[in-house]
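Here's the structure, in C-alpha cells; my notes come after.
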Amino acid sequence: MLRYTKRKPRGYRNAYIIVRWLNETQGRTGNSRVARLLETANKLGGIVKSGQLPAVNLLTWRPAGNKLQLKNLRKATRLANILEKYLSRYKVRPELVPNMKGHWYARWRPTTKHGQTWITVSADGDTYSFGEEDILLNVLDLAKEGKLQGIQRCDRCRRWYFAFVQHQRYCDRSCQQSNFRTNPKFKLKRKHYMRGYRREEHERNRQAKLKRRVRAGL
Ligand SMILES: [Zn+2]
C-alpha cells in the first residue's frame, strides 16, 4: 500500500492522491470512467515507443515499416480516438489567483462536476477534497512527468497502487508472497526443496551422532 511520506520522489503526491481516490471510490460510476481512461492511456503509452511504430517516409508522408509496426500504428490510432472520447467528457477553465508574495497560482478548474466520488486526503498538514474532475487533472500532471504507467492494479487483490519499478505486479509484499505460495510451479519447487532439506538434515544429525559416539569412545 502506498504511504504518504515527507521525502517523496517526483510525481509522488499526484500518484498518491490518484491511487487513494481509485481505491476509495471503487464500484462507483466515476471510478470506472477514470479507470478506463487510465487503462487506455497506458496501453497507448506502451505502443508509442521508439521502434514499435513505423517511420514516416518524408517524400510520400506514408508510414514505412514492417507488418508489426503498421499493425501497432492502427492500434495506436484506435486507442488515441478512444482516449480523446473519454477526455472530451471533462470541461475545465483557467483560473488565476494572486498570493501575498506577488506570485500567481495559475491552474485549471473543473466546470463540470460528476459528484458522488469525493474523497478527502490529508497531506502536508492540510486536508483537501478530490472529486472525479480533480483526479483527472492529477492524471494529466502525472502524465506530463512521464509517470502515468506507474498507476497499476494489483494482479492478486485488484487494488490500485503506484509502481516504483516497471516490472512490479503486486501492490505489496504480502500479495506477492501469497501469490507465490498458491502458484503451482512454486509449490512444486518448494516440495522438492523441502524434501532435499529434510534429507540433508537427517544426514547432518546422523554424522553428529556418530561424532559424539566416537568422542565418547563407544
Ligand atoms: Zn494486492
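In the C-alpha cells, chains take the letters A, B, ... in the order shown, each chain's residues start at 1, and ligands count up from 1 in the order shown.
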Counting only C-alpha atoms and all ligand atoms, what residues are within 8 Å of ligand 1, given as a VMD selection string?
-> chain A and resid 153 to 160 170 to 172 174 to 176
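Closest approach to A:Ile18 among A:Leu59, A:Leu148, A:Val214, A:Val165 is made by A:Leu148 (distances from only C-alpha atoms).
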Name the residues in contact with A:Leu96 at a cut-off of 8 Å, using only C-alpha atoms, excluding same-chain residues fewer than 3 positions from it; report them as a ChimeraX atom specification.
-> /A:104-107
DSSP on the backbone: what in stretch 13-188 of chain A comes out strand (DSSP E or B), as a ChimeraX atom specification?
-> /A:55-56,63-64,92-98,104-110,119-123,126-130,151-153,160-162
Can you write out the residues you just picked, keeping C-alpha atoms, as a PDB file, in the first residue's frame?
```pdb
ATOM      1  CA  ALA A  55       8.731   5.806 -39.526  1.00  0.00           C
ATOM      2  CA  VAL A  56       7.239   8.319 -41.926  1.00  0.00           C
ATOM      3  CA  PRO A  63       4.200   5.330 -42.848  1.00  0.00           C
ATOM      4  CA  ALA A  64       7.037   2.963 -43.735  1.00  0.00           C
ATOM      5  CA  VAL A  92     -12.155  22.827 -17.363  1.00  0.00           C
ATOM      6  CA  ARG A  93     -11.475  26.540 -17.246  1.00  0.00           C
ATOM      7  CA  PRO A  94      -8.316  28.502 -16.382  1.00  0.00           C
ATOM      8  CA  GLU A  95      -8.053  30.223 -13.028  1.00  0.00           C
ATOM      9  CA  LEU A  96      -5.579  32.865 -11.886  1.00  0.00           C
ATOM     10  CA  VAL A  97      -5.254  33.653  -8.174  1.00  0.00           C
ATOM     11  CA  PRO A  98      -2.697  36.093  -6.676  1.00  0.00           C
ATOM     12  CA  TRP A 104       0.145  33.861  -9.043  1.00  0.00           C
ATOM     13  CA  TYR A 105      -1.402  30.465  -8.944  1.00  0.00           C
ATOM     14  CA  ALA A 106      -2.334  29.553 -12.484  1.00  0.00           C
ATOM     15  CA  ARG A 107      -4.428  26.421 -12.605  1.00  0.00           C
ATOM     16  CA  TRP A 108      -7.292  24.619 -14.243  1.00  0.00           C
ATOM     17  CA  ARG A 109     -10.630  24.307 -12.514  1.00  0.00           C
ATOM     18  CA  PRO A 110     -13.252  21.784 -13.492  1.00  0.00           C
ATOM     19  CA  ILE A 119     -12.672  11.776  -1.038  1.00  0.00           C
ATOM     20  CA  THR A 120     -10.705  13.839   1.469  1.00  0.00           C
ATOM     21  CA  VAL A 121      -6.967  13.490   1.720  1.00  0.00           C
ATOM     22  CA  SER A 122      -4.699  14.857   4.424  1.00  0.00           C
ATOM     23  CA  ALA A 123      -1.245  15.760   3.208  1.00  0.00           C
ATOM     24  CA  ASP A 126      -3.786  20.211   5.138  1.00  0.00           C
ATOM     25  CA  THR A 127      -6.966  18.452   4.149  1.00  0.00           C
ATOM     26  CA  TYR A 128      -8.166  18.554   0.568  1.00  0.00           C
ATOM     27  CA  SER A 129     -11.228  17.232  -1.221  1.00  0.00           C
ATOM     28  CA  PHE A 130     -10.892  15.473  -4.533  1.00  0.00           C
ATOM     29  CA  ILE A 151      -0.512   3.655 -11.764  1.00  0.00           C
ATOM     30  CA  GLN A 152      -1.371  -0.031 -11.872  1.00  0.00           C
ATOM     31  CA  ARG A 153      -3.735  -2.645 -10.477  1.00  0.00           C
ATOM     32  CA  TRP A 160      -4.602   0.176  -7.312  1.00  0.00           C
ATOM     33  CA  TYR A 161      -1.034   1.061  -6.417  1.00  0.00           C
ATOM     34  CA  PHE A 162       1.869   3.104  -7.687  1.00  0.00           C
TER      35      PHE A 162
END
```
Determine which residues of stretch 14-198 of chain A receive a DSSP assignment of alpha helix (DSSP H), computed from the backbone, and state them as a PyMOL selection string.
-> chain A and resi 14-24+29-47+67-87+132-144+173-182+184-198
